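S.K.: Data file entry27.cif (mmCIF, C-alpha atoms) is appended below.
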data_protein
#
loop_
_atom_site.label_atom_id
_atom_site.label_comp_id
_atom_site.auth_asym_id
_atom_site.auth_seq_id
_atom_site.Cartn_x
_atom_site.Cartn_y
_atom_site.Cartn_z
CA MET A 1317 0.00 0.00 0.00
CA PRO A 1318 1.45 3.44 -0.89
CA GLU A 1319 2.72 5.45 2.08
CA ASN A 1320 0.18 8.27 1.61
CA LEU A 1321 -2.77 5.80 1.61
CA LYS A 1322 -1.80 3.98 4.83
CA ARG A 1323 -4.67 3.66 7.28
CA ASN A 1324 -4.47 5.90 10.30
CA ASP A 1325 -4.77 3.67 13.40
CA GLY A 1326 -5.83 6.62 15.57
CA LEU A 1327 -2.91 6.14 17.98
CA PRO A 1328 -0.20 8.67 18.78
CA PRO A 1329 3.07 7.71 17.04
CA ALA A 1330 4.70 6.70 20.36
CA MET A 1331 1.93 4.14 20.99
CA THR A 1332 2.07 2.87 17.41
CA ARG A 1333 5.80 2.35 17.79
CA LEU A 1334 5.35 0.42 21.05
CA VAL A 1335 2.63 -1.80 19.52
CA LYS A 1336 4.90 -2.50 16.56
CA GLU A 1337 7.84 -3.43 18.83
CA LEU A 1338 5.71 -5.64 21.11
CA SER A 1339 4.15 -7.48 18.19
CA ARG A 1340 7.64 -8.63 17.12
CA LEU A 1341 7.68 -10.92 20.18
CA PRO A 1342 6.75 -14.60 19.68
CA GLY A 1343 3.10 -15.39 20.24
CA ILE A 1344 2.05 -11.73 20.31
CA GLY A 1345 -0.13 -10.44 17.52
CA GLU A 1346 -1.17 -6.85 16.89
CA LYS A 1347 -4.28 -7.13 19.09
CA THR A 1348 -2.38 -8.49 22.10
CA ALA A 1349 0.35 -5.91 21.54
CA SER A 1350 -2.27 -3.12 21.61
CA ARG A 1351 -3.73 -4.52 24.84
CA LEU A 1352 -0.27 -4.64 26.45
CA ALA A 1353 0.51 -1.11 25.28
CA PHE A 1354 -2.73 0.27 26.79
CA ASN A 1355 -2.03 -1.61 30.00
CA LEU A 1356 1.46 -0.09 30.21
CA LEU A 1357 0.04 3.36 29.47
CA ASN A 1358 -2.26 3.08 32.48
CA ARG A 1359 0.42 1.83 34.90
CA PRO A 1360 2.28 4.13 37.31
CA ARG A 1361 5.37 5.73 35.81
CA GLN A 1362 7.69 3.94 38.27
CA GLU A 1363 6.47 0.50 37.18
CA VAL A 1364 7.05 1.30 33.51
CA ILE A 1365 10.54 2.60 34.30
CA ALA A 1366 11.29 -0.58 36.29
CA LEU A 1367 10.20 -2.69 33.30
CA ALA A 1368 12.31 -0.65 30.87
CA GLU A 1369 15.33 -0.86 33.19
CA ALA A 1370 14.88 -4.62 33.65
CA LEU A 1371 14.86 -5.08 29.87
CA LEU A 1372 17.99 -2.99 29.44
CA GLU A 1373 19.79 -4.66 32.33
CA MET A 1374 18.98 -8.11 30.98
CA LYS A 1375 20.28 -7.15 27.55
CA GLU A 1376 23.45 -5.55 28.86
CA ARG A 1377 24.40 -8.11 31.51
CA VAL A 1378 23.23 -11.52 30.39
CA GLY A 1379 25.53 -13.38 28.05
CA LEU A 1380 26.72 -16.93 27.57
CA CYS A 1381 28.86 -18.94 29.97
CA ALA A 1382 32.28 -19.47 28.37
CA GLU A 1383 32.21 -23.16 29.28
CA CYS A 1384 28.67 -24.50 28.88
CA PHE A 1385 27.06 -21.68 26.83
CA GLY A 1386 24.17 -21.47 29.25
CA LEU A 1387 22.87 -18.02 30.21
CA SER A 1388 25.03 -16.18 32.69
CA ASP A 1389 25.81 -12.68 33.91
CA ARG A 1390 29.40 -13.69 34.66
CA PRO A 1391 32.13 -15.25 32.49
CA ARG A 1392 31.30 -18.68 33.95
CA CYS A 1393 27.80 -19.58 35.14
CA ALA A 1394 26.93 -20.64 38.69
CA ILE A 1395 26.65 -24.31 37.68
CA CYS A 1396 30.10 -24.40 36.06
CA GLU A 1397 31.56 -22.55 39.08
CA ASP A 1398 30.01 -25.01 41.55
CA ALA A 1399 32.78 -27.32 42.79
CA ALA A 1400 30.22 -29.71 44.29
CA ARG A 1401 28.90 -30.69 40.85
CA GLU A 1402 30.31 -33.58 38.81
CA HIS A 1403 32.27 -31.80 36.11
CA ASP A 1404 33.06 -35.01 34.23
CA LEU A 1405 29.37 -35.65 33.56
CA ILE A 1406 28.00 -33.42 30.76
CA CYS A 1407 24.34 -33.19 29.84
CA VAL A 1408 23.76 -31.79 26.33
CA VAL A 1409 20.55 -29.79 25.85
CA GLU A 1410 19.09 -27.81 22.95
CA GLY A 1411 18.42 -24.57 24.82
CA PRO A 1412 18.52 -22.75 28.16
CA ALA A 1413 14.86 -23.64 28.83
CA ASP A 1414 15.76 -27.36 28.69
CA LEU A 1415 18.58 -26.77 31.17
CA MET A 1416 16.09 -25.12 33.53
CA ALA A 1417 13.68 -28.04 33.14
CA ILE A 1418 16.36 -30.57 34.13
CA GLU A 1419 17.47 -28.41 37.05
CA ARG A 1420 13.85 -28.32 38.27
CA ALA A 1421 13.87 -32.14 38.40
CA ARG A 1422 16.68 -31.95 41.02
CA SER A 1423 18.09 -35.33 40.03
CA PHE A 1424 21.14 -34.32 37.99
CA ASN A 1425 24.36 -33.17 39.60
CA GLY A 1426 26.58 -32.88 36.54
CA VAL A 1427 27.20 -29.89 34.27
CA TYR A 1428 25.64 -28.88 30.96
CA HIS A 1429 26.41 -28.03 27.38
CA VAL A 1430 23.82 -25.83 25.65
CA LEU A 1431 23.72 -26.26 21.87
CA HIS A 1432 21.45 -23.27 21.17
CA GLY A 1433 19.42 -25.17 18.63
CA ALA A 1434 19.17 -28.54 16.95
CA ILE A 1435 20.23 -29.88 13.59
CA ALA A 1436 17.23 -29.37 11.31
CA PRO A 1437 17.99 -30.43 7.72
CA LEU A 1438 14.54 -29.32 6.54
CA ASP A 1439 15.26 -25.79 7.78
CA GLY A 1440 18.84 -25.77 6.52
CA ILE A 1441 20.29 -25.77 10.06
CA GLY A 1442 23.42 -27.87 10.15
CA PRO A 1443 26.01 -28.76 12.81
CA ASP A 1444 27.98 -25.57 12.09
CA ASP A 1445 24.99 -23.44 13.10
CA ILE A 1446 24.90 -24.71 16.69
CA LYS A 1447 27.51 -25.29 19.41
CA VAL A 1448 28.66 -28.73 18.22
CA SER A 1449 32.34 -27.96 17.56
CA GLU A 1450 32.52 -26.39 21.04
CA LEU A 1451 31.20 -29.63 22.55
CA ILE A 1452 33.73 -31.74 20.65
CA ALA A 1453 36.53 -29.44 21.82
CA ARG A 1454 35.27 -29.65 25.40
CA VAL A 1455 35.00 -33.45 25.42
CA SER A 1456 38.39 -33.88 23.72
CA GLY A 1457 40.02 -31.25 25.93
CA PRO A 1458 42.31 -31.72 28.95
CA ALA A 1459 39.51 -31.88 31.55
CA PRO A 1460 38.42 -35.51 32.00
CA VAL A 1461 34.90 -36.40 30.84
CA ARG A 1462 33.30 -39.63 32.07
CA GLU A 1463 29.96 -39.49 30.28
CA VAL A 1464 27.99 -37.30 27.86
CA ILE A 1465 24.21 -37.51 28.28
CA ILE A 1466 22.38 -36.35 25.16
CA ALA A 1467 19.13 -34.73 26.28
CA THR A 1468 17.83 -33.30 23.03
CA ASN A 1469 14.09 -33.31 22.37
CA ALA A 1470 12.25 -36.40 21.11
CA THR A 1471 11.54 -34.69 17.77
CA VAL A 1472 12.98 -35.32 14.31
CA GLU A 1473 15.46 -32.47 14.89
CA GLY A 1474 16.35 -33.72 18.38
CA GLU A 1475 16.91 -37.29 17.18
CA THR A 1476 19.00 -36.10 14.22
CA THR A 1477 21.14 -34.03 16.59
CA ALA A 1478 21.54 -36.93 19.03
CA LEU A 1479 22.61 -39.37 16.31
CA TYR A 1480 25.00 -36.81 14.83
CA LEU A 1481 26.59 -36.10 18.23
CA ALA A 1482 26.95 -39.82 18.90
CA LYS A 1483 28.75 -40.15 15.56
CA VAL A 1484 31.17 -37.24 16.00
CA LEU A 1485 31.92 -37.99 19.67
CA LYS A 1486 32.59 -41.69 19.08
CA PRO A 1487 36.34 -41.21 18.42
CA THR A 1488 36.73 -39.63 21.88
CA GLU A 1489 35.77 -43.03 23.44
CA VAL A 1490 33.76 -41.21 26.10
CA LYS A 1491 30.56 -42.99 27.19
CA ILE A 1492 27.61 -41.47 25.28
CA THR A 1493 24.06 -41.99 26.55
CA ARG A 1494 20.63 -40.73 25.49
CA LEU A 1495 17.71 -39.83 27.75
CA ALA A 1496 15.21 -42.70 27.99
CA ARG A 1497 11.85 -42.30 26.30
CA GLY A 1498 8.69 -43.88 27.59
CA LEU A 1499 5.52 -43.55 29.59
CA PRO A 1500 4.86 -40.27 31.38
CA ALA A 1501 4.30 -40.38 35.14
CA GLY A 1502 0.61 -41.05 35.73
CA GLY A 1503 0.08 -42.13 32.11
CA ASP A 1504 -2.23 -45.01 31.10
CA LEU A 1505 -0.90 -47.71 28.77
CA GLU A 1506 -4.28 -47.75 27.05
CA TYR A 1507 -3.90 -44.16 25.85
CA SER A 1508 -0.23 -44.30 24.87
CA ASP A 1509 0.69 -44.11 21.20
CA ALA A 1510 2.61 -46.88 19.44
CA ALA A 1511 5.92 -44.98 19.29
CA THR A 1512 5.89 -44.21 23.02
CA LEU A 1513 5.03 -47.79 23.95
CA SER A 1514 7.71 -49.11 21.62
CA SER A 1515 10.33 -46.81 23.23
CA ALA A 1516 9.18 -47.80 26.71
CA LEU A 1517 9.49 -51.50 25.88
CA ASN A 1518 12.92 -51.08 24.31
CA GLY A 1519 14.13 -49.05 27.29
CA ARG A 1520 12.69 -51.37 29.97
CA ARG A 1521 14.82 -52.04 33.05
CA GLU A 1522 15.21 -54.91 35.43
CA LEU A 1523 13.52 -54.62 38.84
CA MET B 669 3.98 -34.98 7.16
CA LEU B 670 6.25 -32.81 5.05
CA ARG B 671 6.93 -29.91 7.38
CA ALA B 672 5.66 -28.32 10.55
CA ARG B 673 6.33 -25.19 12.53
CA ASP B 674 5.10 -23.79 15.78
CA TYR B 675 2.66 -20.92 15.62
CA ALA B 676 1.68 -18.71 18.54
CA GLU B 677 1.62 -20.36 21.97
CA ALA B 678 0.23 -23.80 21.24
CA ASP B 679 -0.59 -24.13 17.53
CA ARG B 680 1.25 -25.80 14.67
CA ILE B 681 1.15 -24.96 10.98
CA VAL B 682 1.76 -28.11 8.99
CA THR B 683 2.11 -29.20 5.37
CA LEU B 684 1.19 -32.72 4.38
CA LEU B 685 1.13 -34.90 1.31
CA THR B 686 -2.19 -36.74 1.35
CA ARG B 687 -3.38 -39.72 -0.65
CA ASP B 688 -6.77 -38.25 -1.47
CA PHE B 689 -6.40 -34.45 -1.40
CA GLY B 690 -2.89 -33.78 -2.69
CA LYS B 691 -0.61 -31.42 -0.80
CA LEU B 692 -2.39 -29.62 2.00
CA SER B 693 -1.37 -26.96 4.48
CA GLY B 694 -3.33 -26.46 7.65
CA ILE B 695 -3.38 -25.11 11.15
CA ALA B 696 -3.72 -27.41 14.14
CA LYS B 697 -5.04 -25.31 17.00
CA GLY B 698 -3.72 -26.41 20.37
CA ALA B 699 -1.46 -29.05 18.80
CA LYS B 700 1.31 -28.45 21.32
CA ALA B 701 -1.05 -28.56 24.28
CA SER B 702 -3.51 -31.33 23.41
CA ARG B 703 -1.73 -34.63 23.93
CA LYS B 704 -4.99 -36.44 23.34
CA ARG B 705 -5.68 -35.02 19.86
CA PHE B 706 -2.19 -34.51 18.51
CA GLU B 707 0.54 -35.91 20.73
CA ARG B 708 3.75 -36.54 18.75
CA LYS B 709 1.83 -37.01 15.54
CA LEU B 710 2.42 -33.70 13.81
CA GLU B 711 6.11 -34.22 13.20
CA PRO B 712 7.79 -34.24 9.78
CA LEU B 713 8.33 -37.79 8.43
CA SER B 714 5.39 -39.20 10.40
CA CYS B 715 2.44 -40.91 8.70
CA VAL B 716 -0.90 -39.83 10.12
CA THR B 717 -4.63 -40.13 9.57
CA LEU B 718 -5.87 -36.57 9.62
CA PHE B 719 -9.23 -35.06 10.42
CA PHE B 720 -9.75 -31.60 8.98
CA ARG B 721 -12.32 -29.20 7.65
CA ARG B 722 -11.96 -26.48 5.10
CA ARG B 723 -12.35 -22.90 6.17
CA PRO B 724 -14.58 -20.62 4.09
CA HIS B 725 -11.86 -18.00 3.91
CA GLY B 726 -8.15 -18.65 3.90
CA GLN B 727 -5.95 -21.30 2.35
CA LEU B 728 -5.10 -23.25 5.50
CA VAL B 729 -7.43 -26.12 6.40
CA PHE B 730 -8.47 -26.47 10.03
CA ILE B 731 -6.97 -29.67 11.47
CA THR B 732 -8.96 -31.03 14.38
CA ARG B 733 -7.26 -34.35 15.12
CA ALA B 734 -4.41 -36.60 14.01
CA GLU B 735 -4.04 -40.32 14.62
CA PRO B 736 -1.24 -42.72 13.68
CA GLY B 737 -1.55 -43.61 9.98
CA GLU B 738 -2.64 -46.96 8.58
CA THR B 739 0.71 -47.59 6.92
CA LEU B 740 3.43 -46.92 9.44
CA HIS B 741 6.84 -47.08 7.84
CA PRO B 742 9.67 -48.49 9.97
CA PRO B 743 11.15 -45.83 12.24
CA LEU B 744 13.95 -43.75 10.78
CA ASP B 745 15.29 -42.47 14.08
CA ASP B 746 17.72 -45.31 14.77
CA GLU B 747 20.26 -44.17 12.18
CA LEU B 748 21.53 -40.75 11.14
CA THR B 749 21.61 -41.53 7.42
CA LYS B 750 17.99 -42.73 7.51
CA LEU B 751 16.84 -39.46 9.08
CA ALA B 752 18.92 -37.38 6.68
CA LEU B 753 17.59 -39.27 3.65
CA GLY B 754 14.02 -39.13 5.00
CA ALA B 755 14.27 -35.37 5.46
CA TYR B 756 15.57 -35.00 1.90
CA MET B 757 12.74 -37.17 0.58
CA VAL B 758 9.97 -35.12 2.19
CA GLU B 759 11.59 -31.83 1.19
CA LEU B 760 11.85 -32.97 -2.44
CA ALA B 761 8.20 -34.10 -2.45
CA ASP B 762 7.21 -30.74 -0.94
CA ALA B 763 9.20 -28.82 -3.55
CA LEU B 764 7.85 -30.78 -6.53
CA MET B 765 4.19 -30.94 -5.50
CA ARG B 766 1.72 -28.12 -5.98
CA GLU B 767 -1.03 -27.50 -3.42
CA GLU B 768 -4.05 -29.74 -3.85
CA GLY B 769 -2.95 -31.29 -7.15
CA GLU B 770 -3.52 -34.98 -7.91
CA ALA B 771 -1.06 -36.84 -5.72
CA ALA B 772 -1.95 -40.52 -5.35
CA ARG B 773 1.12 -41.67 -7.29
CA ALA B 774 3.47 -39.22 -5.52
CA PHE B 775 2.04 -40.32 -2.17
CA ARG B 776 2.76 -43.97 -3.01
CA VAL B 777 6.31 -43.17 -4.13
CA LEU B 778 7.05 -41.23 -0.92
CA GLU B 779 5.45 -43.91 1.24
CA ASP B 780 7.49 -46.68 -0.44
CA ALA B 781 10.69 -44.61 -0.28
CA LEU B 782 10.34 -43.89 3.45
CA ALA B 783 9.61 -47.58 4.04
CA ALA B 784 12.73 -48.56 2.06
CA ALA B 785 14.84 -46.00 3.97
CA GLY B 786 13.48 -47.30 7.28
CA GLN B 787 14.29 -50.90 6.41
CA GLY B 788 17.73 -49.74 5.35
CA PRO B 789 20.42 -49.54 4.46
CA PRO B 790 19.83 -46.02 3.13
CA THR B 791 21.92 -45.84 -0.02
CA LEU B 792 22.81 -43.48 -2.84
CA ALA B 793 20.91 -45.82 -5.19
CA LEU B 794 17.74 -45.34 -3.11
CA ARG B 795 18.19 -41.57 -3.25
CA GLN B 796 18.62 -41.59 -7.03
CA ALA B 797 15.70 -44.01 -7.57
CA TYR B 798 13.48 -41.84 -5.38
CA GLU B 799 14.49 -38.67 -7.23
CA LEU B 800 13.68 -40.26 -10.59
CA GLN B 801 10.40 -41.80 -9.48
CA MET B 802 9.15 -38.75 -7.57
CA MET B 803 9.98 -36.54 -10.57
CA GLU B 804 8.09 -38.95 -12.82
CA ALA B 805 5.10 -38.92 -10.43
CA THR B 806 4.98 -35.14 -10.48
CA GLY B 807 5.25 -34.72 -14.24
CA TYR B 808 9.02 -34.41 -14.67
CA GLY B 809 9.83 -37.92 -15.91
CA LEU B 810 13.30 -38.35 -17.44
CA ASP B 811 14.30 -40.84 -20.12
CA PHE B 812 17.72 -42.45 -19.76
CA ALA B 813 16.78 -45.59 -21.71
CA ARG B 814 17.04 -44.21 -25.25
CA CYS B 815 18.30 -41.24 -27.24
CA ARG B 816 15.61 -38.57 -27.28
CA LEU B 817 16.41 -37.72 -30.91
CA CYS B 818 16.98 -41.00 -32.78
CA GLY B 819 15.14 -43.24 -30.30
CA ASN B 820 17.90 -45.90 -30.26
CA ARG B 821 18.20 -47.78 -26.98
CA VAL B 822 21.17 -46.89 -24.81
CA GLU B 823 22.52 -50.47 -24.95
CA THR B 824 23.04 -50.07 -28.71
CA LEU B 825 24.71 -46.65 -28.56
CA THR B 826 28.45 -46.18 -28.72
CA GLY B 827 30.50 -43.06 -28.06
CA ALA B 828 29.54 -40.01 -26.09
CA LEU B 829 26.15 -39.56 -24.40
CA TYR B 830 24.82 -36.26 -23.11
CA PHE B 831 22.07 -35.52 -20.62
CA VAL B 832 20.19 -32.46 -21.92
CA VAL B 833 17.79 -30.79 -19.51
CA ALA B 834 15.62 -29.29 -22.26
CA ARG B 835 15.18 -32.76 -23.83
CA GLY B 836 14.33 -34.43 -20.52
CA GLY B 837 16.82 -37.21 -21.19
CA ILE B 838 19.88 -38.27 -23.12
CA VAL B 839 21.00 -37.60 -26.67
CA CYS B 840 23.70 -39.64 -28.35
CA GLY B 841 26.92 -38.40 -29.87
CA ARG B 842 25.77 -39.43 -33.34
CA CYS B 843 22.77 -37.08 -33.19
CA ARG B 844 24.80 -34.30 -31.57
CA PRO B 845 28.49 -34.62 -32.48
CA GLU B 846 29.28 -31.61 -30.30
CA ALA B 847 28.22 -31.33 -26.66
CA PRO B 848 25.02 -29.28 -26.44
CA GLU B 849 25.26 -26.18 -24.25
CA GLY B 850 24.70 -26.95 -20.57
CA ALA B 851 24.70 -30.71 -21.19
CA VAL B 852 26.18 -33.23 -18.76
CA ARG B 853 28.36 -35.90 -20.33
CA LEU B 854 27.27 -39.36 -19.26
CA GLU B 855 28.90 -42.77 -19.40
CA GLY B 856 26.69 -45.39 -21.05
CA GLN B 857 26.78 -47.45 -17.86
CA SER B 858 25.46 -44.50 -15.79
CA ALA B 859 22.59 -43.99 -18.24
CA LEU B 860 21.75 -47.70 -17.99
CA VAL B 861 21.81 -47.59 -14.19
CA LEU B 862 19.55 -44.51 -14.06
CA ALA B 863 17.12 -46.09 -16.54
CA HIS B 864 17.00 -49.17 -14.29
CA LEU B 865 16.53 -47.15 -11.07
CA ALA B 866 13.68 -45.19 -12.64
CA VAL B 867 11.53 -48.31 -12.97
CA THR B 868 12.70 -50.61 -10.16
CA PRO B 869 10.26 -50.92 -7.23
CA LEU B 870 11.72 -48.97 -4.31
CA GLU B 871 11.49 -51.93 -1.94
CA LEU B 872 13.95 -53.78 -4.19
CA ILE B 873 16.51 -50.98 -4.40
CA ALA B 874 18.63 -52.04 -1.39
CA SER B 875 20.94 -54.21 -3.49
CA ALA B 876 20.95 -51.96 -6.58
CA THR B 877 23.99 -50.05 -7.80
CA ALA B 878 23.94 -46.26 -7.89
CA ALA B 879 24.96 -44.22 -10.92
CA GLY B 880 28.37 -42.61 -10.63
CA ARG B 881 29.22 -38.94 -10.26
CA ASP B 882 28.11 -38.14 -13.80
CA GLY B 883 24.66 -39.62 -13.13
CA ALA B 884 24.35 -37.72 -9.86
CA ALA B 885 25.42 -34.54 -11.65
CA ALA B 886 22.75 -35.04 -14.32
CA LEU B 887 20.00 -35.47 -11.71
CA ASN B 888 21.30 -32.49 -9.74
CA ARG B 889 21.38 -30.31 -12.88
CA PHE B 890 17.77 -31.18 -13.69
CA LEU B 891 16.55 -30.59 -10.12
CA MET B 892 18.34 -27.23 -9.96
CA THR B 893 16.70 -26.23 -13.25
CA ILE B 894 13.13 -27.07 -12.27
CA LEU B 895 13.34 -26.01 -8.60
CA ASP B 896 15.64 -23.02 -9.13
CA ARG B 897 17.30 -23.69 -5.77
CA ARG B 898 19.23 -26.34 -3.90
CA LEU B 899 17.21 -28.22 -1.29
CA ARG B 900 18.10 -27.21 2.28
CA SER B 901 18.50 -30.81 3.41
CA ALA B 902 20.81 -31.76 0.52
CA ASP B 903 24.03 -30.47 2.11
CA PHE B 904 23.42 -32.39 5.33
CA LEU B 905 22.54 -35.56 3.39
CA ASP B 906 25.67 -35.25 1.23
CA GLY B 907 27.69 -34.97 4.45
CA VAL B 908 26.41 -38.22 5.96
CA LEU B 909 25.42 -40.52 3.07
#
Give the structure from the file, written as C-alpha cells.

M.R.:
Amino acid sequence: MPENLKRNDGLPPAMTRLVKELSRLPGIGEKTASRLAFNLLNRPRQEVIALAEALLEMKERVGLCAECFGLSDRPRCAICEDAAREHDLICVVEGPADLMAIERARSFNGVYHVLHGAIAPLDGIGPDDIKVSELIARVSGPAPVREVIIATNATVEGETTALYLAKVLKPTEVKITRLARGLPAGGDLEYSDAATLSSALNGRREL
Amino acid sequence: MLRARDYAEADRIVTLLTRDFGKLSGIAKGAKASRKRFERKLEPLSCVTLFFRRRPHGQLVFITRAEPGETLHPPLDDELTKLALGAYMVELADALMREEGEAARAFRVLEDALAAAGQGPPTLALRQAYELQMMEATGYGLDFARCRLCGNRVETLTGALYFVVARGGIVCGRCRPEAPEGAVRLEGQSALVLAHLAVTPLELIASATAAGRDGAAALNRFLMTILDRRLRSADFLDGVL
C-alpha cells in the first residue's frame, strides 16, 4: 500500500511504535500488543521505568557462559563454578529452557552443554549453526569427561542431533548416553501411542 | 507430514502430502497442548490419519485431530543416514508438488521410499531411484533408456552420451556430435543404471547399484533447473550418506 494511503490507526506515534515493537515478540499479535501497550500506558510511571530498566539490564548483563554456553551474567555460570557438581558428567541440551527443566527435576548433579538449537535439515540448520564444535573441543580437551548424556528433544530435529553427536563424539571413546523415552508419570498404557510404547518396551529395566 | 512449525503459543502450521487431497497446508489449534488429539503425531516424516475441515476464507485447512496412519513405515530415528535421507525425501516431495494437485502416485512413491529407507540400508541408489520416481510422479519424468532424438536404446549406442535438460533425457553423440550447451556428459553405464533405477520398485533398491558422479550430476542439474534452488536438506545428506 502506498505510504500516503496507509490507514491511520488513531494512535499517537509513540503508541504505534510500542505496539509495533511488542508485536515482534513470539506469540504476540497486533491485538495483544495493543492490549499490552494500553495496560502499560495506564500503569504508574515507576512500574514502567522498572520494566524498561529490567529489559535494558537483561540485555546488557546476560551473556553466555564461556564453558557451557548457558545463560550467565558472569564469564562462567553458577553451575560451572560449583565445585560440588560432577564436572566429568555433561548433559547436552538444545536450549537454556531445557537446562532449567532438568534443574527443576533436582536429580542431575553434573554440568551442561547448551547447543542453542538442533540440527534441522529441513530448515537448513546444520552442525555448524549450533555449538557442536565447542562440545567436541570440550569433550576432547584436557579436563576428563566420564559421560555425555544427550538430552535433546524427542523430535525429528532432536533425534538427528543426538545421532549426529553420537557419531562425531565416538572417536573420543567417552561414554555417550541418550535420555530414555517412555511412559509419562501417571500415564495409562491404554492411551499411549505406538511410538511411546515401543520406546518404553525397548528401554525397559530390570527390577 | 512434510513440514511443521510452531505458531503462537500452542498451535502448529503443517504441510502434508495426502493420498486423497494432494498437498495440504493447515493449522492445528492447540497441537502443542492437546496430547490427546495430537501428541507426537504432527512431526515431519510421520504418517498420520488426519481429520480436517476447510475454512470458508483462507488457504489453511483447520486440522482437528491426528491419529497414527494406517501404513506406518519403519522408524527412521535409529540411524543418522535414515533421518537425513528421510528429510531430503519429504523436502523434495514438498518442492515438486503443488497445493491440492492430484497426488496418489506421488504419495505412493514417498510412502514406499520412506519404508525402504526405514528398512535400510539407506543408499545413494535409493536416493537416485526416489528422485527419478518422484519426478516422474509429479510430471518431470526423465528418459535415460534411449536417445531422445533418434530413439535408439542406450545399450546399442556407442560413443559419447549427453544428458540435456531441455530434452528431458539423453541424446547420443551421433545425433549431436558436439556437446550441447549446458549438457552433462554421461557414461553409457550410468545412463543404464539410471534407466534401471527409474523403474525398479523402491522396496527392491537395497541391493541396486547407484549411478556414478556423472549420473548424480545429471539429476542435480535437472533438479536445480526445475526447482531453481538447492534443497536445504541436501548439504546435510551429502555430508552423511

S.K.: Looking at B:Glu747, B:Asp679, B:Asp688, B:Glu768, which one is nearest to chain A, with distances taken over all atoms listed in the file?

M.R.: B:Glu747

S.K.: Chain B near chain A within 8 Å: what's each residue's closest atom pair and its distance in Å to one decimal, counting all atoms listed in the file, ordered by chain then ascending residue number, as CSV?

M.R.:
residue,atom,partner,partner_atom,distance
B:Arg671,CA,A:Leu1438,CA,7.7
B:Tyr675,CA,A:Gly1343,CA,7.2
B:Ala676,CA,A:Gly1343,CA,4.0
B:Glu677,CA,A:Gly1343,CA,5.5
B:Glu711,CA,A:Val1472,CA,7.0
B:Pro712,CA,A:Val1472,CA,7.0
B:Leu713,CA,A:Val1472,CA,7.9
B:Pro736,CA,A:Asp1509,CA,7.9
B:Asp745,CA,A:Glu1475,CA,6.3
B:Asp746,CA,A:Leu1479,CA,7.8
B:Glu747,CA,A:Leu1479,CA,6.8
B:Leu748,CA,A:Leu1479,CA,5.5
B:Leu751,CA,A:Thr1476,CA,6.5
B:Ala752,CA,A:Pro1437,CA,7.1
B:Ala755,CA,A:Leu1438,CA,6.2
B:Tyr756,CA,A:Leu1438,CA,7.4
B:Glu759,CA,A:Leu1438,CA,6.6
B:Arg900,CA,A:Gly1440,CA,4.5
B:Ser901,CA,A:Pro1437,CA,4.4
B:Ala902,CA,A:Pro1437,CA,7.8
B:Phe904,CA,A:Pro1437,CA,6.2

S.K.: Determine the residue membership of the PyMOL selection byres ((chain A and resi 1431) around 12) for the file above and supply it as a ChimeraX atom specification.

M.R.: /A:1380,1383-1387,1407-1415,1428-1430,1432-1435,1442-1452,1466-1469,1474,1477-1478,1481

S.K.: Name the residues in contact with Gly698 (chain B) at a cut-off of 8 Å, using all atoms listed in the file, excluding same-chain residues fewer than 2 positions from it; report them as a PyMOL selection string.

M.R.: chain B and resi 678-680+696+700-702

S.K.: Excluding Thr686 (chain B) and its own-chain neighbours fewer than 6 positions away, which residues fall within 9 Å of it when counting only C-alpha atoms? Please give them as a VMD selection string.

M.R.: chain B and resid 669 692 768 771 to 772 775

S.K.: Would you mind exporting C-alpha atoms of the selected residues as a PDB file, keeping the file's coordinate frame?

M.R.:
ATOM      1  CA  MET B 669       3.980 -34.980   7.160  1.00  0.00           C
ATOM      2  CA  LEU B 692      -2.390 -29.620   2.000  1.00  0.00           C
ATOM      3  CA  GLU B 768      -4.050 -29.740  -3.850  1.00  0.00           C
ATOM      4  CA  ALA B 771      -1.060 -36.840  -5.720  1.00  0.00           C
ATOM      5  CA  ALA B 772      -1.950 -40.520  -5.350  1.00  0.00           C
ATOM      6  CA  PHE B 775       2.040 -40.320  -2.170  1.00  0.00           C
TER       7      PHE B 775
END

S.K.: If I take CA of Leu764 (chain B) and CA of Leu865 (chain B), how far is one from the other in Å, to one decimal?

M.R.: 19.1 Å

S.K.: Which polymer residues have any atom within 8 Å of an atom of region 812-828 of chain B, counting only C-alpha atoms, with same-chain residues fewer than 6 positions away left out, as a list in words?

M.R.: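 The filter keeps Arg835, Gly837, Ile838, Val839, Cys840, Gly841, Arg842, Cys843, Arg853, Leu854, Glu855, Gly856, Ala859, Leu860, Leu862 and Ala863 of chain B.
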
S.K.: Find the distance between CA of Gly850 (chain B) and CA of Tyr808 (chain B) and write it in Å to one decimal.

M.R.: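 Atom-to-atom, CA of Gly850 (chain B) to CA of Tyr808 (chain B), that is 18.3 Å.
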
S.K.: List the residues sitting within 7 Å of (26.4, -26.5, 35.6) in the file's frame, using all atoms listed in the file, as a ChimeraX atom specification.

M.R.: /A:1394-1396,1426-1428

S.K.: Would you write out, as a VMD selection string, every residue that the PyMOL selection byres ((chain A and resi 1403) around 10) captures in this file?

M.R.: chain A and resid 1395 to 1402 1404 to 1406 1425 to 1428 1459 to 1463

S.K.: When the PyMOL selection byres ((chain A and resi 1515-1517) around 10) is applied to the file above, which residues end up in the set, as a ChimeraX atom specification?

M.R.: /A:1496-1500,1510-1514,1518-1521

S.K.: Counting only C-alpha atoms, which residue out of B:Leu792, B:Met803, B:Val777, B:Ile731 sits closest to Leu909 (chain B)?

M.R.: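 Of B:Leu792, B:Met803, B:Val777, B:Ile731, the one nearest Leu909 (chain B) is B:Leu792, counting only C-alpha atoms.
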
S.K.: What is the CA of Lys704 (chain B)-CA of Phe730 (chain B) distance in Å, reported with one decimal?

M.R.: 17.0 Å
